[in-house]
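Here the structure comes first, spelled out in structure tokens, and everything after it is commentary.
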Amino acid sequence: MQIDFARSARSTVGLEWEVAIVDRATGELASVADQVLRVLDAGSPSGHHPFITSELLTNTVELVSGVHERVAGAVADLEGQLAEVRAVIDELGDYELVCSGSHPFSQWYDQHLTDKPRYHKLIDRTRWWGRNMMIWGVHVHVGIEERDKALPILDGLLAYLPHLQALSASSPYWAGVDTGYASNRALMFQQLPTAGLPYPLADWAAYERYVDDLVRTGVIEDHSEVRWDIRPSPRWGTVEVRVCDGVSTAAEIAAIGALVQCLVEWMSTRLDEGHTLTVLQPWYVRENKWRAARYGLEAEVITDVAGTERLVTDDLRELLTTLAPIAERLGCAAELQGVRETLAGGASYQRQLRVAEAAGGDLTAVVAHLARELRAGVTPTTG
């Protein structure tokens with residue numbers, strides 16, 4: 001099977017942001033995305049909004065940026081789209097918008113499926129696990145100018161998967177339960193067929209054989225149904241990082257987007273210079289994913305093939321120094337510094353846990369907190 005890899009300008013960036021709708025009074029998920037999208041579609045000359053779309057469940061809208069050279073432009077796209085959605089939500093009057101990797105207490109059986117054949121097919125096949133996918137994420141696409149760079153860069157990015165997962169971790173609660181995990185979403189999502197960590201593949205031809213195997217055996221219909229945490233996206237000519245939980249502020253999306261963009265450009269430059277990228281053993285990659293999901297920013301991660309272990313926060317701080325010249329070149333130095341702000345103020349899962357503790361375990365307070373953050377940003381901590 002031949003899979004063409006689209007032409008894409010090097011290190012251009014696109015962002016996707018999944019946002020949930022909740023009832024303003026109860027904090028429960030609200031299945032009104034179809035109403036919101038009807039209003040937005042009606043205002044578009046084509047009859048369909050070009051960038052705001054539906055998702056698996058009718059409590060969710062997805063915001064999709066255009067292609068940009070700078071992260072700031074992609075984030076501005078998303079902020080504009082969020083304002084469009086909020087205008088409709090505010091007009092409806094009874095709802096709010098939130099974003100996190102999971103909802104603190106809503107139940108899967110109360111949610112409604114978006115009426116699209118591909119979603120019905122997915123749920124028919126995956127049943128209980130599929131119906132439990134009350135999850136929201138942030139996806140980052142970065143342009144790769146040569147097809148044969150895509151898989152080496154993907155393999156190199158796996159060494160930094162726990163860093164990205166820890167920074168974005170925002171799903172400590174699931175259906176009203178404190179899971180003890182920073183990102184319960186990470187472990188839930190990998191239950192779906194073709195989701196989770198990618199397989200080691202030697203070259204593009206091996207990727208084509210992998211997709212061909214799955215198509216011939218009825219696992220998927222095309223390569224877009226390969227739902228790896230990090231995957232090549234042939235249609236767009238990008239590497240797509242999908243491991244991140246949903247985050248509730250544009251500043252955090254900007255930081256994550258800048259980090260991914262800088263990592264890809266750094267690795268692309270090293271390949272140009274004839275260097276070999278660090279590629280961890282698959283069992284180290286799997287262990288790192290679990291540690292980041294469990295412990296978040298308190299995780300010790302494995303950083304090299306020799307098995308060296310280090311606090312993910314320490315490794316992130318050193319990585320920011322390494323990437324600083326790249327960030328200057330790409331015009332995202334300010335956005336990359338947002339990583340330091342997350343390290344100082346806490347990731348979303350930590351902020352949610354603090355709010356719940358202060359509220360005596362009342363998880364409606366956590367939903368209200370997420371809504372405030374999406375409207376106004378993170379309140380700086382003191383002391």
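Labeling convention for the structure tokens: chains A, B, ... as they appear, residues from 1 per chain, ligands from 1 in order of appearance.
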In segment 205-298 of chain A, DSSP helix (DSSP H, G or I) residues written as a PDB file with N, CA, C and O atoms, in the first residue's frame:
ATOM      1  N   ALA A 205       8.369   2.500   4.320  1.00  0.00           N
ATOM      2  CA  ALA A 205       7.825   1.279   3.722  1.00  0.00           C
ATOM      3  C   ALA A 205       7.267   0.356   4.796  1.00  0.00           C
ATOM      4  O   ALA A 205       6.232  -0.300   4.592  1.00  0.00           O
ATOM      5  N   ALA A 206       7.916   0.298   5.953  1.00  0.00           N
ATOM      6  CA  ALA A 206       7.411  -0.521   7.056  1.00  0.00           C
ATOM      7  C   ALA A 206       6.095   0.036   7.585  1.00  0.00           C
ATOM      8  O   ALA A 206       5.185  -0.721   7.952  1.00  0.00           O
ATOM      9  N   TYR A 207       5.979   1.370   7.633  1.00  0.00           N
ATOM     10  CA  TYR A 207       4.709   1.990   8.035  1.00  0.00           C
ATOM     11  C   TYR A 207       3.604   1.641   7.049  1.00  0.00           C
ATOM     12  O   TYR A 207       2.478   1.302   7.443  1.00  0.00           O
ATOM     13  N   GLU A 208       3.916   1.685   5.760  1.00  0.00           N
ATOM     14  CA  GLU A 208       2.923   1.328   4.745  1.00  0.00           C
ATOM     15  C   GLU A 208       2.482  -0.126   4.883  1.00  0.00           C
ATOM     16  O   GLU A 208       1.295  -0.439   4.734  1.00  0.00           O
ATOM     17  N   ARG A 209       3.436  -1.013   5.190  1.00  0.00           N
ATOM     18  CA  ARG A 209       3.077  -2.425   5.380  1.00  0.00           C
ATOM     19  C   ARG A 209       2.202  -2.600   6.614  1.00  0.00           C
ATOM     20  O   ARG A 209       1.256  -3.398   6.612  1.00  0.00           O
ATOM     21  N   TYR A 210       2.507  -1.867   7.663  1.00  0.00           N
ATOM     22  CA  TYR A 210       1.702  -1.926   8.891  1.00  0.00           C
ATOM     23  C   TYR A 210       0.253  -1.515   8.608  1.00  0.00           C
ATOM     24  O   TYR A 210      -0.702  -2.221   8.981  1.00  0.00           O
ATOM     25  N   VAL A 211       0.065  -0.380   7.937  1.00  0.00           N
ATOM     26  CA  VAL A 211      -1.285   0.085   7.618  1.00  0.00           C
ATOM     27  C   VAL A 211      -1.978  -0.913   6.693  1.00  0.00           C
ATOM     28  O   VAL A 211      -3.168  -1.229   6.876  1.00  0.00           O
ATOM     29  N   ASP A 212      -1.251  -1.445   5.727  1.00  0.00           N
ATOM     30  CA  ASP A 212      -1.830  -2.423   4.807  1.00  0.00           C
ATOM     31  C   ASP A 212      -2.315  -3.660   5.551  1.00  0.00           C
ATOM     32  O   ASP A 212      -3.396  -4.188   5.270  1.00  0.00           O
ATOM     33  N   ASP A 213      -1.521  -4.131   6.515  1.00  0.00           N
ATOM     34  CA  ASP A 213      -1.926  -5.288   7.320  1.00  0.00           C
ATOM     35  C   ASP A 213      -3.258  -5.015   8.022  1.00  0.00           C
ATOM     36  O   ASP A 213      -4.159  -5.871   8.041  1.00  0.00           O
ATOM     37  N   LEU A 214      -3.385  -3.831   8.612  1.00  0.00           N
ATOM     38  CA  LEU A 214      -4.591  -3.507   9.372  1.00  0.00           C
ATOM     39  C   LEU A 214      -5.800  -3.344   8.467  1.00  0.00           C
ATOM     40  O   LEU A 214      -6.915  -3.753   8.822  1.00  0.00           O
ATOM     41  N   VAL A 215      -5.598  -2.765   7.304  1.00  0.00           N
ATOM     42  CA  VAL A 215      -6.711  -2.606   6.367  1.00  0.00           C
ATOM     43  C   VAL A 215      -7.174  -3.963   5.848  1.00  0.00           C
ATOM     44  O   VAL A 215      -8.380  -4.256   5.800  1.00  0.00           O
ATOM     45  N   ARG A 216      -6.235  -4.819   5.481  1.00  0.00           N
ATOM     46  CA  ARG A 216      -6.592  -6.127   4.925  1.00  0.00           C
ATOM     47  C   ARG A 216      -7.326  -7.003   5.932  1.00  0.00           C
ATOM     48  O   ARG A 216      -8.165  -7.827   5.562  1.00  0.00           O
ATOM     49  N   HIS A 223      -5.357   4.995   7.129  1.00  0.00           N
ATOM     50  CA  HIS A 223      -4.328   5.347   8.118  1.00  0.00           C
ATOM     51  C   HIS A 223      -4.804   6.357   9.153  1.00  0.00           C
ATOM     52  O   HIS A 223      -4.224   6.453  10.241  1.00  0.00           O
ATOM     53  N   SER A 224      -5.875   7.106   8.868  1.00  0.00           N
ATOM     54  CA  SER A 224      -6.352   8.089   9.843  1.00  0.00           C
ATOM     55  C   SER A 224      -6.899   7.427  11.107  1.00  0.00           C
ATOM     56  O   SER A 224      -7.059   8.089  12.138  1.00  0.00           O
ATOM     57  N   GLU A 225      -7.199   6.129  11.046  1.00  0.00           N
ATOM     58  CA  GLU A 225      -7.705   5.416  12.210  1.00  0.00           C
ATOM     59  C   GLU A 225      -6.600   4.815  13.072  1.00  0.00           C
ATOM     60  O   GLU A 225      -6.881   4.127  14.053  1.00  0.00           O
ATOM     61  N   ALA A 250      -5.215  29.175  27.163  1.00  0.00           N
ATOM     62  CA  ALA A 250      -4.479  29.367  25.921  1.00  0.00           C
ATOM     63  C   ALA A 250      -2.983  29.441  26.183  1.00  0.00           C
ATOM     64  O   ALA A 250      -2.170  29.002  25.345  1.00  0.00           O
ATOM     65  N   ALA A 251      -2.591  29.971  27.339  1.00  0.00           N
ATOM     66  CA  ALA A 251      -1.164  30.065  27.661  1.00  0.00           C
ATOM     67  C   ALA A 251      -0.532  28.684  27.769  1.00  0.00           C
ATOM     68  O   ALA A 251       0.615  28.466  27.325  1.00  0.00           O
ATOM     69  N   GLU A 252      -1.269  27.721  28.346  1.00  0.00           N
ATOM     70  CA  GLU A 252      -0.730  26.365  28.447  1.00  0.00           C
ATOM     71  C   GLU A 252      -0.653  25.695  27.076  1.00  0.00           C
ATOM     72  O   GLU A 252       0.313  24.979  26.778  1.00  0.00           O
ATOM     73  N   ILE A 253      -1.660  25.932  26.238  1.00  0.00           N
ATOM     74  CA  ILE A 253      -1.599  25.394  24.880  1.00  0.00           C
ATOM     75  C   ILE A 253      -0.406  25.987  24.140  1.00  0.00           C
ATOM     76  O   ILE A 253       0.316  25.287  23.422  1.00  0.00           O
ATOM     77  N   ALA A 254      -0.179  27.279  24.310  1.00  0.00           N
ATOM     78  CA  ALA A 254       0.955  27.929  23.657  1.00  0.00           C
ATOM     79  C   ALA A 254       2.277  27.311  24.118  1.00  0.00           C
ATOM     80  O   ALA A 254       3.176  27.063  23.305  1.00  0.00           O
ATOM     81  N   ALA A 255       2.393  27.043  25.413  1.00  0.00           N
ATOM     82  CA  ALA A 255       3.627  26.448  25.947  1.00  0.00           C
ATOM     83  C   ALA A 255       3.851  25.054  25.389  1.00  0.00           C
ATOM     84  O   ALA A 255       4.963  24.690  24.979  1.00  0.00           O
ATOM     85  N   ILE A 256       2.791  24.250  25.367  1.00  0.00           N
ATOM     86  CA  ILE A 256       2.901  22.887  24.843  1.00  0.00           C
ATOM     87  C   ILE A 256       3.213  22.923  23.351  1.00  0.00           C
ATOM     88  O   ILE A 256       4.075  22.189  22.854  1.00  0.00           O
ATOM     89  N   GLY A 257       2.524  23.791  22.616  1.00  0.00           N
ATOM     90  CA  GLY A 257       2.776  23.910  21.185  1.00  0.00           C
ATOM     91  C   GLY A 257       4.204  24.330  20.898  1.00  0.00           C
ATOM     92  O   GLY A 257       4.853  23.796  19.976  1.00  0.00           O
ATOM     93  N   ALA A 258       4.715  25.295  21.649  1.00  0.00           N
ATOM     94  CA  ALA A 258       6.087  25.754  21.455  1.00  0.00           C
ATOM     95  C   ALA A 258       7.088  24.648  21.771  1.00  0.00           C
ATOM     96  O   ALA A 258       8.089  24.478  21.058  1.00  0.00           O
ATOM     97  N   LEU A 259       6.836  23.907  22.831  1.00  0.00           N
ATOM     98  CA  LEU A 259       7.746  22.828  23.197  1.00  0.00           C
ATOM     99  C   LEU A 259       7.813  21.770  22.094  1.00  0.00           C
ATOM    100  O   LEU A 259       8.897  21.319  21.701  1.00  0.00           O
ATOM    101  N   VAL A 260       6.657  21.395  21.564  1.00  0.00           N
ATOM    102  CA  VAL A 260       6.640  20.386  20.502  1.00  0.00           C
ATOM    103  C   VAL A 260       7.302  20.931  19.239  1.00  0.00           C
ATOM    104  O   VAL A 260       8.124  20.245  18.605  1.00  0.00           O
ATOM    105  N   GLN A 261       6.966  22.152  18.867  1.00  0.00           N
ATOM    106  CA  GLN A 261       7.560  22.733  17.662  1.00  0.00           C
ATOM    107  C   GLN A 261       9.083  22.802  17.781  1.00  0.00           C
ATOM    108  O   GLN A 261       9.805  22.443  16.833  1.00  0.00           O
ATOM    109  N   CYS A 262       9.570  23.220  18.926  1.00  0.00           N
ATOM    110  CA  CYS A 262      11.017  23.326  19.123  1.00  0.00           C
ATOM    111  C   CYS A 262      11.690  21.957  19.130  1.00  0.00           C
ATOM    112  O   CYS A 262      12.787  21.795  18.569  1.00  0.00           O
ATOM    113  N   LEU A 263      11.059  20.972  19.748  1.00  0.00           N
ATOM    114  CA  LEU A 263      11.622  19.623  19.745  1.00  0.00           C
ATOM    115  C   LEU A 263      11.747  19.090  18.324  1.00  0.00           C
ATOM    116  O   LEU A 263      12.774  18.507  17.944  1.00  0.00           O
ATOM    117  N   VAL A 264      10.713  19.271  17.516  1.00  0.00           N
ATOM    118  CA  VAL A 264      10.746  18.758  16.141  1.00  0.00           C
ATOM    119  C   VAL A 264      11.821  19.469  15.330  1.00  0.00           C
ATOM    120  O   VAL A 264      12.604  18.824  14.616  1.00  0.00           O
ATOM    121  N   GLU A 265      11.908  20.793  15.445  1.00  0.00           N
ATOM    122  CA  GLU A 265      12.927  21.526  14.697  1.00  0.00           C
ATOM    123  C   GLU A 265      14.336  21.156  15.161  1.00  0.00           C
ATOM    124  O   GLU A 265      15.251  21.009  14.339  1.00  0.00           O
ATOM    125  N   TRP A 266      14.506  20.983  16.457  1.00  0.00           N
ATOM    126  CA  TRP A 266      15.807  20.576  17.017  1.00  0.00           C
ATOM    127  C   TRP A 266      16.220  19.220  16.452  1.00  0.00           C
ATOM    128  O   TRP A 266      17.356  19.036  15.996  1.00  0.00           O
ATOM    129  N   MET A 267      15.296  18.286  16.446  1.00  0.00           N
ATOM    130  CA  MET A 267      15.609  16.952  15.929  1.00  0.00           C
ATOM    131  C   MET A 267      15.833  16.977  14.421  1.00  0.00           C
ATOM    132  O   MET A 267      16.714  16.291  13.895  1.00  0.00           O
ATOM    133  N   SER A 268      15.053  17.777  13.719  1.00  0.00           N
ATOM    134  CA  SER A 268      15.229  17.891  12.277  1.00  0.00           C
ATOM    135  C   SER A 268      16.609  18.445  11.947  1.00  0.00           C
ATOM    136  O   SER A 268      17.288  17.972  11.022  1.00  0.00           O
ATOM    137  N   THR A 269      17.045  19.429  12.721  1.00  0.00           N
ATOM    138  CA  THR A 269      18.368  20.010  12.520  1.00  0.00           C
ATOM    139  C   THR A 269      19.464  18.987  12.801  1.00  0.00           C
ATOM    140  O   THR A 269      20.448  18.899  12.060  1.00  0.00           O
ATOM    141  N   ARG A 270      19.290  18.216  13.846  1.00  0.00           N
ATOM    142  CA  ARG A 270      20.288  17.189  14.170  1.00  0.00           C
ATOM    143  C   ARG A 270      20.365  16.130  13.061  1.00  0.00           C
ATOM    144  O   ARG A 270      21.460  15.660  12.717  1.00  0.00           O
ATOM    145  N   LEU A 271      19.256  15.768  12.493  1.00  0.00           N
ATOM    146  CA  LEU A 271      19.284  14.831  11.362  1.00  0.00           C
ATOM    147  C   LEU A 271      20.013  15.445  10.173  1.00  0.00           C
ATOM    148  O   LEU A 271      20.798  14.759   9.497  1.00  0.00           O
ATOM    149  N   ASP A 272      19.783  16.719   9.910  1.00  0.00           N
ATOM    150  CA  ASP A 272      20.469  17.404   8.820  1.00  0.00           C
ATOM    151  C   ASP A 272      21.983  17.386   9.019  1.00  0.00           C
ATOM    152  O   ASP A 272      22.750  17.324   8.048  1.00  0.00           O
ATOM    153  N   PRO A 282      11.688   0.373  23.649  1.00  0.00           N
ATOM    154  CA  PRO A 282      10.226   0.448  23.791  1.00  0.00           C
ATOM    155  C   PRO A 282       9.747   0.204  25.210  1.00  0.00           C
ATOM    156  O   PRO A 282       8.749   0.796  25.646  1.00  0.00           O
ATOM    157  N   TRP A 283      10.436  -0.652  25.949  1.00  0.00           N
ATOM    158  CA  TRP A 283       9.998  -0.913  27.328  1.00  0.00           C
ATOM    159  C   TRP A 283      10.266   0.284  28.224  1.00  0.00           C
ATOM    160  O   TRP A 283       9.523   0.507  29.180  1.00  0.00           O
ATOM    161  N   TYR A 284      11.286   1.089  27.924  1.00  0.00           N
ATOM    162  CA  TYR A 284      11.506   2.327  28.665  1.00  0.00           C
ATOM    163  C   TYR A 284      10.421   3.344  28.323  1.00  0.00           C
ATOM    164  O   TYR A 284       9.916   4.058  29.194  1.00  0.00           O
ATOM    165  N   VAL A 285      10.071   3.427  27.052  1.00  0.00           N
ATOM    166  CA  VAL A 285       9.027   4.363  26.632  1.00  0.00           C
ATOM    167  C   VAL A 285       7.715   4.031  27.331  1.00  0.00           C
ATOM    168  O   VAL A 285       7.011   4.919  27.837  1.00  0.00           O
ATOM    169  N   ARG A 286       7.375   2.757  27.380  1.00  0.00           N
ATOM    170  CA  ARG A 286       6.128   2.343  28.027  1.00  0.00           C
ATOM    171  C   ARG A 286       6.159   2.659  29.522  1.00  0.00           C
ATOM    172  O   ARG A 286       5.179   3.146  30.091  1.00  0.00           O
ATOM    173  N   GLU A 287       7.273   2.389  30.176  1.00  0.00           N
ATOM    174  CA  GLU A 287       7.393   2.681  31.602  1.00  0.00           C
ATOM    175  C   GLU A 287       7.292   4.180  31.851  1.00  0.00           C
ATOM    176  O   GLU A 287       6.626   4.622  32.802  1.00  0.00           O
ATOM    177  N   ASN A 288       7.936   4.978  31.001  1.00  0.00           N
ATOM    178  CA  ASN A 288       7.875   6.429  31.160  1.00  0.00           C
ATOM    179  C   ASN A 288       6.454   6.957  31.026  1.00  0.00           C
ATOM    180  O   ASN A 288       6.040   7.863  31.762  1.00  0.00           O
ATOM    181  N   LYS A 289       5.713   6.389  30.088  1.00  0.00           N
ATOM    182  CA  LYS A 289       4.317   6.829  29.927  1.00  0.00           C
ATOM    183  C   LYS A 289       3.531   6.541  31.198  1.00  0.00           C
ATOM    184  O   LYS A 289       2.778   7.407  31.677  1.00  0.00           O
ATOM    185  N   TRP A 290       3.697   5.364  31.753  1.00  0.00           N
ATOM    186  CA  TRP A 290       2.968   5.022  32.974  1.00  0.00           C
ATOM    187  C   TRP A 290       3.383   5.932  34.124  1.00  0.00           C
ATOM    188  O   TRP A 290       2.538   6.423  34.881  1.00  0.00           O
ATOM    189  N   ARG A 291       4.674   6.181  34.264  1.00  0.00           N
ATOM    190  CA  ARG A 291       5.135   7.031  35.368  1.00  0.00           C
ATOM    191  C   ARG A 291       4.565   8.444  35.254  1.00  0.00           C
ATOM    192  O   ARG A 291       4.150   9.038  36.254  1.00  0.00           O
ATOM    193  N   ALA A 292       4.569   8.992  34.042  1.00  0.00           N
ATOM    194  CA  ALA A 292       4.033  10.341  33.868  1.00  0.00           C
ATOM    195  C   ALA A 292       2.536  10.379  34.121  1.00  0.00           C
ATOM    196  O   ALA A 292       2.019  11.331  34.702  1.00  0.00           O
ATOM    197  N   ALA A 293       1.821   9.321  33.693  1.00  0.00           N
ATOM    198  CA  ALA A 293       0.380   9.259  33.949  1.00  0.00           C
ATOM    199  C   ALA A 293       0.104   9.161  35.441  1.00  0.00           C
ATOM    200  O   ALA A 293      -0.817   9.791  35.954  1.00  0.00           O
ATOM    201  N   ARG A 294       0.895   8.389  36.127  1.00  0.00           N
ATOM    202  CA  ARG A 294       0.678   8.170  37.563  1.00  0.00           C
ATOM    203  C   ARG A 294       1.110   9.374  38.406  1.00  0.00           C
ATOM    204  O   ARG A 294       0.366   9.861  39.252  1.00  0.00           O
ATOM    205  N   TYR A 295       2.314   9.870  38.165  1.00  0.00           N
ATOM    206  CA  TYR A 295       2.923  10.844  39.071  1.00  0.00           C
ATOM    207  C   TYR A 295       2.995  12.261  38.510  1.00  0.00           C
ATOM    208  O   TYR A 295       3.347  13.189  39.247  1.00  0.00           O
ATOM    209  N   GLY A 296       2.691  12.446  37.223  1.00  0.00           N
ATOM    210  CA  GLY A 296       2.727  13.786  36.661  1.00  0.00           C
ATOM    211  C   GLY A 296       4.088  14.436  36.796  1.00  0.00           C
ATOM    212  O   GLY A 296       5.126  13.845  36.470  1.00  0.00           O
ATOM    213  N   LEU A 297       4.114  15.661  37.292  1.00  0.00           N
ATOM    214  CA  LEU A 297       5.359  16.410  37.413  1.00  0.00           C
ATOM    215  C   LEU A 297       6.250  15.902  38.540  1.00  0.00           C
ATOM    216  O   LEU A 297       7.372  16.403  38.704  1.00  0.00           O
ATOM    217  N   GLU A 298       5.791  14.939  39.294  1.00  0.00           N
ATOM    218  CA  GLU A 298       6.643  14.321  40.311  1.00  0.00           C
ATOM    219  C   GLU A 298       7.271  13.022  39.822  1.00  0.00           C
ATOM    220  O   GLU A 298       7.940  12.314  40.583  1.00  0.00           O
TER     221      GLU A 298
END
**OP:** Compile the contact shell of Pro172 of chain A as a ChimeraX atom specification: residues with an atom at most 9 Å away, counting only C-alpha atoms, same-chain residues fewer than 4 positions apart removed.
**Re:** /A:101-102,104,177-185,349-350,352-353
The selected residues should be written to file as a PDB file, in the first residue's frame (atoms: C-alpha atoms).
ATOM      1  CA  GLY A 101      -8.375  15.532  30.248  1.00  0.00           C
ATOM      2  CA  SER A 102     -11.529  14.181  31.906  1.00  0.00           C
ATOM      3  CA  PRO A 104     -14.450  15.213  37.381  1.00  0.00           C
ATOM      4  CA  VAL A 177     -13.394   9.038  41.799  1.00  0.00           C
ATOM      5  CA  ASP A 178      -9.969  10.392  42.726  1.00  0.00           C
ATOM      6  CA  THR A 179      -7.931   7.929  40.656  1.00  0.00           C
ATOM      7  CA  GLY A 180      -4.545   8.685  42.181  1.00  0.00           C
ATOM      8  CA  TYR A 181      -3.265   9.350  38.660  1.00  0.00           C
ATOM      9  CA  ALA A 182      -2.244  12.704  37.228  1.00  0.00           C
ATOM     10  CA  SER A 183      -3.524  11.624  33.799  1.00  0.00           C
ATOM     11  CA  ASN A 184      -6.109   8.880  33.928  1.00  0.00           C
ATOM     12  CA  ARG A 185      -6.966   9.826  30.339  1.00  0.00           C
ATOM     13  CA  TYR A 349      -4.177  18.075  37.812  1.00  0.00           C
ATOM     14  CA  GLN A 350      -2.391  19.687  40.771  1.00  0.00           C
ATOM     15  CA  GLN A 352      -7.726  20.614  40.504  1.00  0.00           C
ATOM     16  CA  LEU A 353      -6.634  18.581  43.504  1.00  0.00           C
TER      17      LEU A 353
END
Subject >> Close residues, segment 143-157 of chain A itself excluded, 7 Å, only C-alpha atoms, min 5 positions apart in chain, as a ChimeraX atom specification >> reply: /A:5,7-13,203-204,230-232,237-239,264,267,277-279
The selected residues should be written to file as a PDB file, in the first residue's frame (atoms: C-alpha atoms).
ATOM      1  CA  PHE A   5       3.052  12.169   2.541  1.00  0.00           C
ATOM      2  CA  ARG A   7       4.223  18.506   1.094  1.00  0.00           C
ATOM      3  CA  SER A   8       4.482  20.649   4.209  1.00  0.00           C
ATOM      4  CA  ALA A   9       6.646  23.627   5.110  1.00  0.00           C
ATOM      5  CA  ARG A  10       9.247  22.726   7.698  1.00  0.00           C
ATOM      6  CA  SER A  11       8.286  23.251  11.350  1.00  0.00           C
ATOM      7  CA  THR A  12       5.008  24.994  10.582  1.00  0.00           C
ATOM      8  CA  VAL A  13       2.500  24.353  13.330  1.00  0.00           C
ATOM      9  CA  ASP A 203      11.189   3.201   7.576  1.00  0.00           C
ATOM     10  CA  TRP A 204       8.227   4.536   5.612  1.00  0.00           C
ATOM     11  CA  ILE A 230       2.418  10.342  18.397  1.00  0.00           C
ATOM     12  CA  ARG A 231       1.801   9.543  14.747  1.00  0.00           C
ATOM     13  CA  PRO A 232       2.667  10.631  11.240  1.00  0.00           C
ATOM     14  CA  GLY A 237       2.635  16.213   5.989  1.00  0.00           C
ATOM     15  CA  THR A 238       3.147  16.466   9.739  1.00  0.00           C
ATOM     16  CA  VAL A 239       4.078  14.622  12.865  1.00  0.00           C
ATOM     17  CA  VAL A 264      10.746  18.758  16.141  1.00  0.00           C
ATOM     18  CA  MET A 267      15.609  16.952  15.929  1.00  0.00           C
ATOM     19  CA  LEU A 277      18.585  10.854  17.578  1.00  0.00           C
ATOM     20  CA  THR A 278      18.231   9.246  20.990  1.00  0.00           C
ATOM     21  CA  VAL A 279      15.687   6.452  20.684  1.00  0.00           C
TER      22      VAL A 279
END
Contacts of Gln191 of chain A within 10 Å, only C-alpha atoms, excl. fewer than 3 positions in-chain, as a PDB file with N, CA, C and O atoms, in the first residue's frame:
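Saved as out_8.pdb:
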ATOM      1  N   THR A 126     -16.011  -1.188  19.967  1.00  0.00           N
ATOM      2  CA  THR A 126     -15.305  -1.077  21.243  1.00  0.00           C
ATOM      3  C   THR A 126     -16.218  -1.157  22.466  1.00  0.00           C
ATOM      4  O   THR A 126     -15.734  -1.307  23.583  1.00  0.00           O
ATOM      5  N   TRP A 129     -15.571   0.162  26.532  1.00  0.00           N
ATOM      6  CA  TRP A 129     -14.391   1.024  26.547  1.00  0.00           C
ATOM      7  C   TRP A 129     -14.617   2.261  25.695  1.00  0.00           C
ATOM      8  O   TRP A 129     -14.251   3.375  26.076  1.00  0.00           O
ATOM      9  N   GLY A 130     -15.206   2.082  24.524  1.00  0.00           N
ATOM     10  CA  GLY A 130     -15.470   3.222  23.665  1.00  0.00           C
ATOM     11  C   GLY A 130     -16.441   4.211  24.286  1.00  0.00           C
ATOM     12  O   GLY A 130     -16.248   5.428  24.206  1.00  0.00           O
ATOM     13  N   MET A 133     -15.088   6.867  26.707  1.00  0.00           N
ATOM     14  CA  MET A 133     -14.104   7.846  26.248  1.00  0.00           C
ATOM     15  C   MET A 133     -14.570   9.278  26.457  1.00  0.00           C
ATOM     16  O   MET A 133     -14.690  10.073  25.524  1.00  0.00           O
ATOM     17  N   ALA A 186      -4.669   9.176  29.898  1.00  0.00           N
ATOM     18  CA  ALA A 186      -3.607   8.509  29.135  1.00  0.00           C
ATOM     19  C   ALA A 186      -3.801   7.007  29.105  1.00  0.00           C
ATOM     20  O   ALA A 186      -3.575   6.360  28.073  1.00  0.00           O
ATOM     21  N   LEU A 187      -4.234   6.445  30.221  1.00  0.00           N
ATOM     22  CA  LEU A 187      -4.377   4.989  30.311  1.00  0.00           C
ATOM     23  C   LEU A 187      -5.734   4.528  29.814  1.00  0.00           C
ATOM     24  O   LEU A 187      -5.880   3.394  29.358  1.00  0.00           O
ATOM     25  N   MET A 188      -6.739   5.399  29.880  1.00  0.00           N
ATOM     26  CA  MET A 188      -8.043   5.048  29.318  1.00  0.00           C
ATOM     27  C   MET A 188      -7.991   5.006  27.792  1.00  0.00           C
ATOM     28  O   MET A 188      -8.472   4.062  27.159  1.00  0.00           O
ATOM     29  N   THR A 194      -5.630   0.331  18.119  1.00  0.00           N
ATOM     30  CA  THR A 194      -4.646   1.180  17.429  1.00  0.00           C
ATOM     31  C   THR A 194      -4.266   2.424  18.215  1.00  0.00           C
ATOM     32  O   THR A 194      -3.476   3.234  17.730  1.00  0.00           O
ATOM     33  N   ALA A 195      -4.805   2.630  19.426  1.00  0.00           N
ATOM     34  CA  ALA A 195      -4.393   3.765  20.250  1.00  0.00           C
ATOM     35  C   ALA A 195      -3.185   3.368  21.092  1.00  0.00           C
ATOM     36  O   ALA A 195      -2.798   2.203  21.168  1.00  0.00           O
ATOM     37  N   GLY A 196      -2.590   4.355  21.747  1.00  0.00           N
ATOM     38  CA  GLY A 196      -1.447   4.090  22.615  1.00  0.00           C
ATOM     39  C   GLY A 196      -0.130   4.369  21.921  1.00  0.00           C
ATOM     40  O   GLY A 196      -0.043   5.178  20.993  1.00  0.00           O
TER      41      GLY A 196
END
Original post:
Would you give me, as a ChimeraX atom specification, the residues in segment 94-214 of chain A that DSSP reads as strand (DSSP E or B)?
Top reply: /A:95-98,102,113,135,137-143,171,173-174,177-178,183,196
Save out the residues we just selected, C-alpha atoms, as a compact mmCIF listing (two decimals), in the first residue's frame.
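Result saved to again-v7.txt:
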# COMPACT_ATOMS: atom_id res chain seq x y z
CA TYR A 95 -24.02 26.47 29.93
CA GLU A 96 -20.31 26.94 30.43
CA LEU A 97 -17.13 25.77 28.68
CA VAL A 98 -14.35 23.77 30.33
CA SER A 102 -11.53 14.18 31.91
CA LEU A 113 -22.93 9.95 20.62
CA ILE A 135 -11.76 12.50 27.29
CA GLY A 137 -7.01 16.53 24.49
CA VAL A 138 -4.73 18.95 22.72
CA HIS A 139 -3.08 17.86 19.48
CA VAL A 140 -0.02 19.53 17.95
CA HIS A 141 0.90 19.14 14.27
CA VAL A 142 4.39 20.14 13.11
CA GLY A 143 5.34 20.19 9.45
CA SER A 171 -7.43 14.09 34.51
CA TYR A 173 -10.75 12.34 38.53
CA TRP A 174 -12.89 9.84 36.67
CA VAL A 177 -13.39 9.04 41.80
CA ASP A 178 -9.97 10.39 42.73
CA SER A 183 -3.52 11.62 33.80
CA GLY A 196 -1.45 4.09 22.62
**OP:** Do a neighbour search on Val61 of chain A at 10 Å with only C-alpha atoms, toss out local chain neighbours closer than 4 positions, and write the hits as a list in words.
**Re:**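 Residues meeting the cut-off are Trp17, Glu18, Val19, Ala20, Ile21, Val32, Ala33, Asp34, Val36, Leu37, Ile52, Thr53, Ser54, Glu55, Leu56, Leu57, Leu82, Val85, Leu97 and Trp136 of chain A.
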